Structure formats: structure tokens, C-alpha cells
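> One structure, as C-alpha cells, below. Some questions next.
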Amino acid sequence: MLGKKTVTFADDVRSDTSEEAFEKLKKPYYANKKLTDPVKEVEDKWQLLPAFLKVKGLVKQHIDSYNYFVETELRKIVRTNEMITSDVDPSFWLKYLDIRVGPPDRPDTDHEAHINVFTPHECRLRDLTYSGNIYVDIEYVRGKKRVVRKNTIIGKMPIMLRSSKCALTGKSEAELAKMFECPLDPGGYFIIKGTEKVILIQEQLSKNRIIVEGDKKGLVQAYVTSSTHERKSKTYIVAKNDAKNDKITLKHNSISEEIPIVIVMKAMGIQSDKEISQLISGGNRTFLNMFSPNIEQCAKMKIFTQKQALDYIGSKVKVTRKIANVRRPMAEEALEVLSTVVLAHVPVKDLNFQPKCIYIAIMIRRVLMALANENLVDDRDYVGNKRLELAGSLLSLLFEDLFKKFNFDLKMNIDKLLKKPNRATEFDAHKQLMQHGDSITNGFVRAIATGNWTLKRFKMERAGITHVLSRLSYISALGTMTRITSQYEKTRKVSGPRALQPSQWGMLCPADTPEGEACGLVKNLALMTHITTDDEEQPLRRLAFNLGIEDVNSLTGAELYRNNAYMVFLNGLMLGITCQPNSFVQDFRRLRRCGRISEFVSIYVNHHHNAVHIASDGGRVCRPLIIVENMIPKVNTKHIQKLKRDEMAFADFLAQGLVEYLDVNEENDSNIAIYEREIIAETTHLEIEPFTILGAVAGLIPYPHHNQSPRNTYQCAMGKQAIGAIAYNQLRRIDTLLYLMVYPQQPMVKTKTIELVGYDKLPAGQNAIVAVMSYSGYDIEDALVLNKASVDRGFGRCQVMRKHVALMKRYANGSFDRIVDPPAQVDCPTGPSAERFNILDSDGIAGVGERVMPGQVIVNRHTPTNLSANIPVNMPIMNAPVIQFTWKHSPLTYKAPEPGYIDKVCVTTTEQEQTLIKILIRQTRVPELGDKFSSRHGQKGVCGIIVPQEDMPFSDSGICPDIIMNPHGFPSRMTVGKMIELLAGKAGVLKGELQYGTAFGGSKVEDMSKILIENGYSYSGKDYVTSGITGEPLSAYIFFGPVYYQKLKHMVVDKMHARARGPRAVLTRQPTEGRSRDGGLRLGEMERDCLVGYGASMLLMERLMISSDQFDVHVCEQCGLLGYKGWCQNCKSSKFMVTMQMPYAAKLLFQELQSMNIAPRLILEEF
Amino acid sequence: MSKSSSKRASAAQDRLELIQSRVIVERDSVSSISSSDFPFHTSNRYSNIDFLEKIRKKLRVSIEKKSQYDMEFDLIGVDASIANALRRIMIAEVPTLAIEKVFVYDNTSIVQDEVLAHRLGLIPIKANPDEFDFKLSTEHPTDQNTIVFKLKQECKRNPKTAANETDPKKLYLNHNALIWEPKGDQADRFKDSQIRPVHQDILVAQMRPGQKIELEAHCEKGCGKEHAKWSPVATASYRLMPEIILKEEITGDLAIKFASCFTPGVVEVKDENVDGKTIEVAKVVNPRIDMVSREVLRHKEFEDKLELNLREF
């Protein structure tokens, strides 16, 4: 309040004498404004959002992370593994000087031949991998000389689309169009062998941070997952809180049993009990009392010196070394484990254990604090304790592993060669390097293609890291790009990790999560979320010391826990202490705001732990907020106007300190107002726009804040199944399955998010005029009534394109598949009729535009009959004798039940020089009974009946609805948003403009009603409607207007299935299973039980045997075994043979039992 | 006594009359929606005179508006069922000609063949259906049941445009229409009335230079109930004649508010001289154009001051 007062005072009243001005101030009104009047809202501050997305893009996290990997991380990895030496020749060495990734490159070209760039679209069409060469510069010894070689290729690196290495980056829309690429496509995925693969964002607990957890039994433990480039390990400090055993111990994988903590401290060189207790309690009586039994215990064990302690620990250390070197003294073993393995991320330089001792002491203190006050355990589900792992960090792990393996193989090979006593040519390591070309390339391709990250070196074994980018609709593609999976098991029935965390606000979308087993474990990013990449620590450390931190190494326990001393941590490591935490933090933030340090560095105070944490590690989620100082947001209308005129970009807002990024932890340390009117004296930040708490998918819902929350979640799942436009290059793509809508429309009721993500340019749905009323009884249980005239005119019409592939294989013996022209007369003995070959062109491939009937041949392929005949491989092709192959038919036929049209034929070659023929077959589908539709509010329904237009009700203005929806869909679903959408849509239609249904905003119902009234409609959106059948008016007014309807991919033609007779399985002779194999419908166990219970034995007999796999068997009544017709091989007699019927499966069972030396004998009786 | 009873009887009679002849528009519902079993037949009690005769006497059709593509007329003297029958017939049962079969010789545009055919089908064709026969699926096309159109267009760059032109409409030559190809004696039969699409500027496909469409389209006769493309009308609908009965005079500011509750032109506010003072009085002028938004029923002050009805015949 006070701050505001002085500001206005200084601005306007300068001319007045100070006394007068003071008098004015005392009045409740000043310049006609009350002091409590709301601050004027910054107009259009949402404009910051498109500015943000322009720089950041929707999937910038992926791209940033990949760029960081390719440009920085890659070099770091090489630098840590730069030398290769030989065990054989000590004078040999090889050193990597530099590494870089080249532009995307075709795998199969001599470089001069192709001048045109290698585009992602070519990869999609030709089933190639979009990758660039990895070049290294090396320096090595050849003979006696030192040689430097530049630009040696060691493999290929898959390139992320729109990353800094991608051919699409920085291209204009027109240039992209020339490359057949969609400007709206977000990028951030890879193309591996023609399929688009996304490396999903992985969620995990943060590394290198102390986390204290307790369980119901009273056990409290603090643990740290240490992760450095050298080592990854997990260290626990455990306190069992029961009467008998209340000692604190250290637990680690490399030590076979838990070690009393005081022994650990002593082993690290703090031998005095007083020093230990001071480090832990710092003079605090309670903690001292709690801890003293541990010291006693140590004394009882007669361990007093460092040597004794080390010996004790050394006897417990697990020796992992396989090659048994000379066994070192146990104390040394213990020293090594303590310095490098336990808490590996805390550096121990020259055996200076001081930082590690303090670190352990802090961990113990945290345990003691949690024992004293159980509220002080950490929340593992708190987003601030999580890190998101992106493509870049996963790839860097993979590369590290592959590179180490590559170097190891190289070294082995070099050793082998150097061992040879006399070599013909001079040894050149460069040649060896070139020979190992494929292991890195294949390693990348395999990992991304399968999604299995098996890195033994890092004890990592994860499956399902990558997903195929779903191209069902534009939104589903966006959805996969923002998806986050967590490492929790899906089967575990815990609610904690699945629950919506308050700290997710603004970072993760509250609505977008799947239903069912992955509910709450798979999440999606919100619109403005950014994920950080690693940042240099050294400058931050220097800065912190410059700002007056006292170094840890010079501190004693008493100083550590001094009353007002705050410990300062950098990425979980303690730097030192400060006594002015607030001014330290303020200074730090000020420096960040002026751009002296990275904007993604966060700093916050934790008053519970008396600690200041600085974080610069990668994987933190953060988002931009407007800075508020003295109750005034720093961004004002002038800035926004500049932004609109393109005089300012988002980066300028950051640079000028108007906007800053906050991560979850720092957010927790701030006071963020959602609206200007909510700003109070303590406010530090202002939300840019509240609707950004939703993600890209949930952002499509109009008025989501009026809906019951699960409805928004349902819509998030369904929006991904809606058929619509996929990308601008959709008609150039040849995907396995592509759904397209013929006449997609942008929604009448838009949201800001829709415009930001470009859904208005690639929509998936149509604005249907909906009448909410009951009609015909074919609309119960959410079924919809469709207007036949609307359907005739193109409503809900969609196309399904399916890819059919024929690969012309080359075989080892030099033979290959061939395509032949259609036979002149069909004389094939297997008897295909002439119509099968009708649509083939003279080249043996179906012609574009032809109508394909089921069963017709689309590629007339022949395969050689003999694949093993040996033909000299290295014979020059030109002189090769013409080998007579015999061929057999192996045509590619069209198998779908519905006819289609040949849309496209693509003939190309793969990487292995094999001819690849891709044929796209298109079906145009008109809505029919049973097709699934849905509005944008989780209200799905199938088409129940299609009614002729003349029978449909019509309004006074002559409008007939496209869809009639049953009003029973509303009361239990509570999707008020849908009603408002209808109202806003109707108003928009009448006024001739689009309306907005943005979350927490949008067009107001009152304004919409006003527009309706102005145009002669009822304010309520309900119209007077006449029945089309009787011609009489309906006695109720009908809620009538446009609602955006999506057609979902589930269509009856794909599901409809019935069978009378059909194929049977070979082994059991029972009907096959599943629609794709024209299978039967199973009368299962439970159905059988019903029939047994009812006693319908004849029906049972019919269902289970006669209609399934009845078989006539010949049984010998004497021995009870199966025989032949009129002959029992067992009894060598024909006397007692009878025939009977049994299921073939039973006969099979008997025979299988016989094969296992069990004789099942049938004892027959007269029936 | 007798006077009051007769009054009551006449009130009941009025009410009956109202229910029989009007649809009553209320705030939350429409009542008295059903008309009698057939026009002018109100109940079995009254022996009816020949109602056909009555229709003949009373039925009147007055055309209110007629332009090239629109027509509005009043149908007076019959009830809704007759109007509805007309509406239904217009939508579904009046035959027209529409493109039914398309033979695509060449189509390199981005519009797929089926979609193109569907779009062509929806183009209204100006041809007299009476001159043609329905074509059965077993029949071959003849000049009596089929009209043939041809469309052949290749998109080319316009040589006359400026170098920096970006408007595709000016940049490319991309315009052609369906051309009727008379078969048999059709040229003779229809020399006075050229057969053509009703509108020449319906967008079928947009092309880029080098793209080509060449096709032959066959029109057949059909009805709207089979496919909406044969429906001769964009839509046909009717409404009942609104009736606004003022039970008492509405004056002053209220009158202005009252007028604003209706479609402009329905209620006019007129100055009237009462007792030497001019006051504004609301007068219902043209109830026909009212859109029946029921806005007036929302306001408490007009409660009991008016009755909103729709005339059933």
C-alpha cells in the first residue's frame, strides 16, 4: 500500500507545495481514485504467450535438450574419454581432439551426385533414418610421427527434427513447402527407418539431493542418489526408531552390512566424539540426546581411531573387482569406497573428507529432525523433487556407452594388430577407426527403434522409452510430444504418485492424463512449461563466494548451526553459510534478472532447513512469470504495444528483467498473483495468463472451467482420436494408416490455445447444428440422431488411407523378386480369375485412381522358387551368364472387406538397394449407424439413426439440426461448458464472428444472450421448433445451436463382424479367433457354465462340438485306444472297432498324451 | 344469475375457440399445440359441413416475396398439416436432375475423385425434370434420361500478371465450368432453354499450375429423399402467423421497452394525444415479421398485459 502511495505522489503532485500535497493524501480519494481501487489491468498481457511460443515452440524442451547434447554434452563425453593407448606398444596413443555432428546426410550416395538436401520427408517415404555423420578430429602416432586427421566419420547420429542440425531449422514457410514439410509440425522427434519416433519425457526423483522419507513402522531414512559421469550409486542413512535399536547407520550397495554412522565419521577422519556430536547437533540439546547412543555404541565397539574404523568398514566392503589384483589392505579398500563410491557426487580431493563429513552430518541431522517432527519428511511426489529426463540426456547416456564400447573395441583391435611381429604396411590407426563405422550408428538406431535403453555400464535397463509419433490427428501428435511418463510401476496400487499435486500448478496439465492403469502416472506438460538443461556450476560458485558466503571447509559444527546461519547449497552440494540469506537471495536474483547468470538458475530459501538452495541442473520444470515490484507489475501496456509492433521479443522481456523463469522450488518461495486485482504488498510475481495451466490438448476445450473435471480428462483422451487434418503435407505422406476428414472446419467457439497451437489451421471436427431434444427412441444411451441431408452434403465424411508395401527382396544367391506385367490370359493353375489382375498397369503395379475390389492384385510380384542355388557372388554383373530362375506367384493383394481407390504409388529404393513399392489405398467413408462422434466435452456417442431431413424438426427460421442429442446426456455429466459453447456458437453465427471459450475467460454468457436477443432469438438459446413429421410445434422450447463435433476413429466398418462358417485353425480344427481372421465368436467358460447350470445339454453339445471341431474317430472297444477305420493297430484286430464323434481337440489330446507315454483309454457304453 | 352464467359460458366458448385455433406461446413452453384431426373439424359434437367446400371458400395463397431464388407466401385458411405436407414434398419428393455418375479421365488436382464427384453432384442443374425419365439402375443412359456435362481444365500460369503478384486468383488461369454436351435430340429439344448449372461460380476444385481435371458427368433424375442433391430447394419451411394481443395499453417508457422486445417493425411507438398530453403508446403494427423470441415474456412488467399466440390456420 505504502509503496503505491509514494509512487503516485511523486508523479503527479510535484507542482503542489508539499503541505498541500500531504493534505490531499490524507483524504480517502486521491486524484479521484481510492487507494484501494484495483490496479488497471495490463491489456492483452496474454500476447506474451504467442511471443513465448514463437521462441520456445510447443516442443522446445525436446529440441533444447537435443541441441545441448549435440553441441555441448557430446564434447564433454569425448573429453572424458579422449585417450586410447595400447597395452602392447607403449609409444602408441590416439587422442580425440574434437567431435561434431554434420548435417543430415543420405546413407546411399556418393556426395557429389546429390546436390539437393536430404529432407525428413524423403526419410519417411524411403524408410530411411534421418541422421548426420559424427565427425571426429584425431591425433595419433603413426610410425614415429604424430599425425592429425580431421573429419573422420565414426558413425551416424539420428537428428531430431527442427533441432540445430536439422535441415528444416530457420526455414520459411515457402522453403518448408518445397521440402514437403508442414510449417505447423512441431518437430522434436526422430525418423528411424521411416517411422517417426519420440523419446518420451521421463520423470524421476532428482539426483544428488537428500530426500528424507519415513514409513509406518517409524523407520526414517535419508537417501541420496548420486549421479556423476563416473559413477551412479545410492546411499542411505537409516534410523530405526524402535526401543531396542535406535541407532543410525549407513547403508550402501557396496558395503555388505549397515555401518554405524559414528564409525563412518571416524573412518573419514573425524576421530573426536565431540567434533562429531557438534557437527550433528551443533549444540542443540535435543539432537545431542538423540544422537548420543550412537557415540556410545561406537565406544562399546572399541573403535576409536580412523585406522580402527577403516579396518571395520574394510572388512564389510564387497569386493567387486573381477580381475583379482593383489588384495589391498582392508583399510585402503574402505578408504577408496568412502571417497569414491559412497556419496559419489561429493568430491573428495586429496583425501580431504571435510565436505563429505559435513554432508553426512547434514543428512544425519535431517534424519534426527524427521524423527523429532514427523512433518519434516520430504514429499516424493512434490514436483520440486522431480527431474524430467529428455531426449538429450537419454541420448547422451546412450552415446557415452556406445562411445566407450567403440573405443574399447578399437583398442582391442589395435592391440591385436600391434601384436603381430611383422606387418606388411605401416600401422595406421585411422584405418582401424574407419572399420568400426557401424556400431555407433546401429546402437542409436536400435535403441530408438525399439525403445530399449539397455546400458549395462550405467545399470540401466529401461523399455518403452520411445513411442511412435501418433499421427491420428494433429492434436495426438502434439500430445505425444508433451507426454511425460514416470518410472513408477503401473500395477502398484498407490494413490500418492497418481494424485494431482498442488505443485503441478502451471507446470503439468491437470486434465490431460489417461484413464485406467496409467492414470496420473502419465502426465502432460502445460502450455508455458520449460525444462532446463544443465548449466555451468563454476561461475555460480564463484558468484556465491563473491556475495559473501563462508566456505564450508573452514567451518566447525558450532558455526554451521549458528542461530541465524543459513547453509548455502549449489545443486545439492554445500558451498558454505551466510548470515543474511534474504539479502543474498535478493542479490542473486537481481543478478539473474539483469542477465549476468542464466535465467534458468533458481534460488530459494528453505526456512525449515535453514538453507538456501541454488539449482542449475537440468530437468527442472520452470515457467515464466511477470515480476511484480512494489505492487506494480513490471510489464505494462506500453511493453505489450511494443510487443505487438514487433519492437520487443520475449527475450527482451527476460533481458530487461520484466519476466523471469521460476522453477517449482522457487515458485514455492514466491507470492504469485493470478490477476492484477489480487496483488498485495507481499506479491512478487504475476501470472501471465491463467489458462496456461492447461496443456495443449486440454486447451482445445471451450469453457473447461464450467465442466466437471473428469469430462475434461475424457476429452483429452478423445481429442487425440478425432479425425481431421493432420498436417499441411498430409496428402504427401504414406503412413500405415491415415484418417483424414474431407471438410474439416475450425470451431465456432475457439480458445486462445487453439490459435496458439494452430488447431484452427489443422482442425479435427465440424460445427454441427445441434438440437438438444429427444427424438425417435434411437437416441437413448448417448446415441445421436443424424440428419440425412447433412450427411449427403458431406457432414462427417472422412477418408481412410492404408499403406500396402511390397519389398523386392534380393537373395543371397543373387536371385531377386521381380514384378511382372499382368498375364495376357489367365492360365494360372491355381485359378485366379481374370478380375484379380484387372487394375494392374503394364508395369505390374496397380494404376493410380483405380478402384480396388477385395482380393484384387495390387503388385504382381514373383519370387524365385529356388533361393539356395549357389551362384558365384563376385561375378561382375555385366558378364554374368543369364541364369534361368523359376518363379512363383507371390502377389500383393488387397484384403480389406470394402473396396478402395489407389491413391498413390511410390517406387523407391531402401538403404540396402532393394526396391520398395508403397501403395496407398484410400476409402471415403460416409457416416453410418454406429460411427462414433464426440463433442469437445467428453460427451461421446454413436450414431443411432439417420433421419431424412423432412422428418427432422425445424426452427422458425427454417433451420434443421445436423445432430439431435438426447438431453439426458446433461444432468449426470454436468458439462455446462457444452451448453455455453452452444450459446456462444449461436451468438457467433448470428453476429458473424468467432467467439472465444478460453479457460477462465472467454466470451461471457451475458454478452452472448444479448447478441441472441438483438438478433430476434430467445436469450436462453432455446428455440420454438416445429416437428417435421406432424407439422405441429413442439410443446417445449428446444436448445438449438452449433456445437463443435469430432468424428472419432472408431467406425463400424472396421469392427463389424459375423461368421456362419469359415476358416479353422490347423492344429485344433476349431474356428479361428478374431475379426481379422474371420473368426468365430467364442462360447466361453462362463457361458458354458450357464448352459451347464440350465441343463441345456444338447445345446452344449452343439456349440462345443458339432459347430466347432467334431471329428469321427475309430475306437477299439477292447483296448480303448484310437485306431483306424476297421483296424486297431494295438490289438492287431478289426473285431472291436466302432466309430464315435468327439471334438478334434480331444482326439489331439489323446494322441499327445500317448506321445508322452500315457495311454488314455476310452471305455464305451451304449448311448 | 343467468347473465353471469351466460358470461361464463361465453368465456368458456372463447377459451375453446382460442385453444382450437391458436398455439399459445408461454414463457417456458408452448401449449395447445395440437390441431384437430383434419382442418375445420373441431369435435364430433358439431356435425361438420362439407369441409372441402369450406377450404375452397377460405383458402387463400398470397405471395409476399418472390425473387430469383427465394419465395415467401402466406397460406391462409388451412392448418399446419397441409403446410407441412407441402414442405415435405418440396424437400423430398419433387424430382430434379443432378450429377449422379462421373467418369474421371484425368484428375491431378488435390481433390480426390470421390470428393470431386460428390461436389459435382451437389451442383444444382438447370433443366426441366418433366422432360426426362427416371433412369433405372438396369437401364442404359439415353437422351431421355441422362444429361452429359464435360469438364476439362488445366491450370496454367497467367502470362499477363505482374511479376510480384501473389494472389493465386490472378496468378493462375484456373477457371472453367461444366459444359453441356447435348446427346441425341437434346440439342433440338432444349434449344430454347440451355441446360446448365444454375450458378456458374460454384467452386469445385482449386488447382495449381500443371494440375488437370478432365471428366464427363452424367445427370440423372431423382428425388430428395434418395439423396439431398436432388432436393430442389435449399430448404423449405413454414411458420405460424404470430399474434400479439395487448390486453391493456402500454404507454410511456414502458412502451419503448415493449417495442424493443420484438423484432424491429413489429411494434411501433406512436404519440397519442390523451387528455391534452402526448403520451407514447405501443401499437402492434406488423406481427407477421416477429421472430417470436419471447423476450417480452421475460419481463415482469409485461406480465398479464399481453397474450402471445400463433394462428393455427
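Every chain in the C-alpha cells takes a letter, A first, then B, and so on in the order presented; its residues are numbered from 1, and the ligands are numbered from 1 following the presented order.
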Report as a PyMOL selection string all protein, DNA and RNA residues lying within 10 Å of Gln186 in chain B, evaluated on only C-alpha atoms, omitting residues in the same chain fewer than 2 positions from it.

chain B and resi 131+143-144+146-147+181-184+188-191+195

> For those residues, write C-alpha atoms to a file as a PDB file, in the first residue's frame.


ATOM      1  CA  GLU B 131     -38.609 -33.591 -69.929  1.00  0.00           C
ATOM      2  CA  ASP B 143     -31.044 -38.920 -74.307  1.00  0.00           C
ATOM      3  CA  GLN B 144     -34.336 -39.324 -72.456  1.00  0.00           C
ATOM      4  CA  THR B 146     -29.358 -38.535 -68.966  1.00  0.00           C
ATOM      5  CA  ILE B 147     -27.685 -35.202 -69.486  1.00  0.00           C
ATOM      6  CA  GLU B 181     -22.912 -31.854 -74.282  1.00  0.00           C
ATOM      7  CA  PRO B 182     -26.281 -32.476 -75.955  1.00  0.00           C
ATOM      8  CA  LYS B 183     -26.899 -36.064 -76.853  1.00  0.00           C
ATOM      9  CA  GLY B 184     -29.427 -37.411 -79.363  1.00  0.00           C
ATOM     10  CA  ASP B 188     -33.175 -29.779 -80.518  1.00  0.00           C
ATOM     11  CA  ARG B 189     -35.412 -30.341 -77.538  1.00  0.00           C
ATOM     12  CA  PHE B 190     -33.700 -27.778 -75.353  1.00  0.00           C
ATOM     13  CA  LYS B 191     -32.655 -25.162 -77.874  1.00  0.00           C
ATOM     14  CA  ILE B 195     -29.174 -26.772 -69.897  1.00  0.00           C
TER      15      ILE B 195
END

> Contacts from chain A to chain B, 10 Å maximum, only C-alpha atoms: show me the residue list as a ChimeraX atom specification.

/A:731,742-743,788-794,797-799,849,901,903,922-924,948-951,954-960,1012-1038

> Using only C-alpha atoms, which residues sit within 12 Å of Cys622 in chain A once same-chain residues fewer than 2 positions away are excluded, as a PyMOL selection string?

chain A and resi 61+383-384+386-388+503-508+525-533+599-602+615-616+618-620+624-625+660-668

> Ranking A:Val348, A:Met1140, A:Leu184, A:Arg380 by minimum distance to Ser206 in chain A and counting only C-alpha atoms, which one comes first?

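Ranking A:Val348, A:Met1140, A:Leu184, A:Arg380 by distance to Ser206 in chain A, first place goes to A:Arg380.
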
> Write out as a ChimeraX atom specification each polymer residue whose atoms come within 8 Å of Pro355 in chain A, counting only C-alpha atoms; drop sequence neighbours fewer than 2 positions from it.

/A:346-348,352-353,357-359,552-553,574

> Show which residues sit within 12 Å of Ser1003 in chain A, as a list in words. Count only C-alpha atoms, and ignore same-chain residues fewer than 4 positions away.

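Selected residues are Pro702, Tyr703, Met748, Val749, Lys750, Thr751, Lys752, Gly977, Ile980, Glu981, Leu982, Leu983, Ala984, Gly985, Ala987, Gly988, Glu993, Leu994, Gln995, Tyr996, Gly997, Thr998, Ala999, Asp1007, Met1008, Ser1009, Lys1010 and Ile1011 of chain A.
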
> Quick one: residues within 10 Å of Thr80 in chain A, only C-alpha atoms, excluding same-chain residues fewer than 2 positions away - as a PDB file with C-alpha atoms, in the first residue's frame?


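Output (selection10.pdb):
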ATOM      1  CA  ARG A  75      32.204 -32.713 -26.439  1.00  0.00           C
ATOM      2  CA  LYS A  76      32.206 -33.295 -22.689  1.00  0.00           C
ATOM      3  CA  ILE A  77      31.769 -37.011 -23.143  1.00  0.00           C
ATOM      4  CA  VAL A  78      34.559 -37.200 -25.667  1.00  0.00           C
ATOM      5  CA  GLU A  82      39.683 -38.827 -25.138  1.00  0.00           C
ATOM      6  CA  MET A  83      42.736 -41.071 -24.926  1.00  0.00           C
ATOM      7  CA  HIS A 229      29.717 -39.121 -15.142  1.00  0.00           C
ATOM      8  CA  GLU A 230      31.934 -41.668 -13.423  1.00  0.00           C
ATOM      9  CA  GLU A 400      28.588 -42.435 -23.689  1.00  0.00           C
TER      10      GLU A 400
END

> Set the distance at 12 Å and use only C-alpha atoms: which residues neighbour Pro50 in chain A once local chain neighbours fewer than 2 positions away are removed? I'd like the list as a PyMOL selection string.

chain A and resi 44-48+52-58+527-528+640+643-644+646+649-650+688-689+692+752-758

> What's the separation between CA of Ser1097 in chain A and CA of Gln1070 in chain A, in Å to one decimal place?

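Between CA of Ser1097 in chain A and CA of Gln1070 in chain A the gap works out to 20.0 Å.
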
> Counting only C-alpha atoms, which of A:Gly1074, A:Ile248, A:Asn707, A:Arg861 gets nearest to Pro971 in chain A?

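Between A:Gly1074, A:Ile248, A:Asn707, A:Arg861, the residue approaching Pro971 in chain A most closely is A:Asn707.
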
> Can you work out the spacing between CA of Cys166 in chain A and CA of Ser473 in chain A in Å, to one decimal?

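Going from CA of Cys166 in chain A over to CA of Ser473 in chain A covers 23.7 Å.
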
> Between B:Ser5, B:Ser10, B:Ser137, B:Gln153, which one has atoms that come closest to Glu100 in chain B, using only C-alpha atoms?

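Under the stated criterion, the closest residue is B:Ser137.
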
> I'd like the interatomic distance between CA of Cys579 in chain A and CA of Asn563 in chain A, to a tenth of an Å.

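Between CA of Cys579 in chain A and CA of Asn563 in chain A the gap works out to 9.0 Å.
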
> Just list the residues in range 503-650 of chain A DSSP gives strand (DSSP E or B) on the backbone, as JSON, numbers by chain.

{"A": [508, 523, 524, 525, 530, 531, 550, 551, 566, 567, 568, 569, 570, 573, 574, 575, 576, 577, 578, 602, 603, 604, 605, 606, 611, 612, 613, 614, 615, 621, 622, 623, 624, 625, 626, 627, 628, 629, 632, 633]}

> I'd like to know which residues of range 1-148 of chain B are helix (DSSP H, G or I) (by DSSP, run on the backbone); could you write them as a count of residues only?

53

> Pick the closest to Arg22 in chain B from B:Ile123, B:Ile289, B:Leu310, B:Ile250: which is it, counting only C-alpha atoms?

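Looking at the shortest contact to Arg22 in chain B, the residue is B:Leu310.
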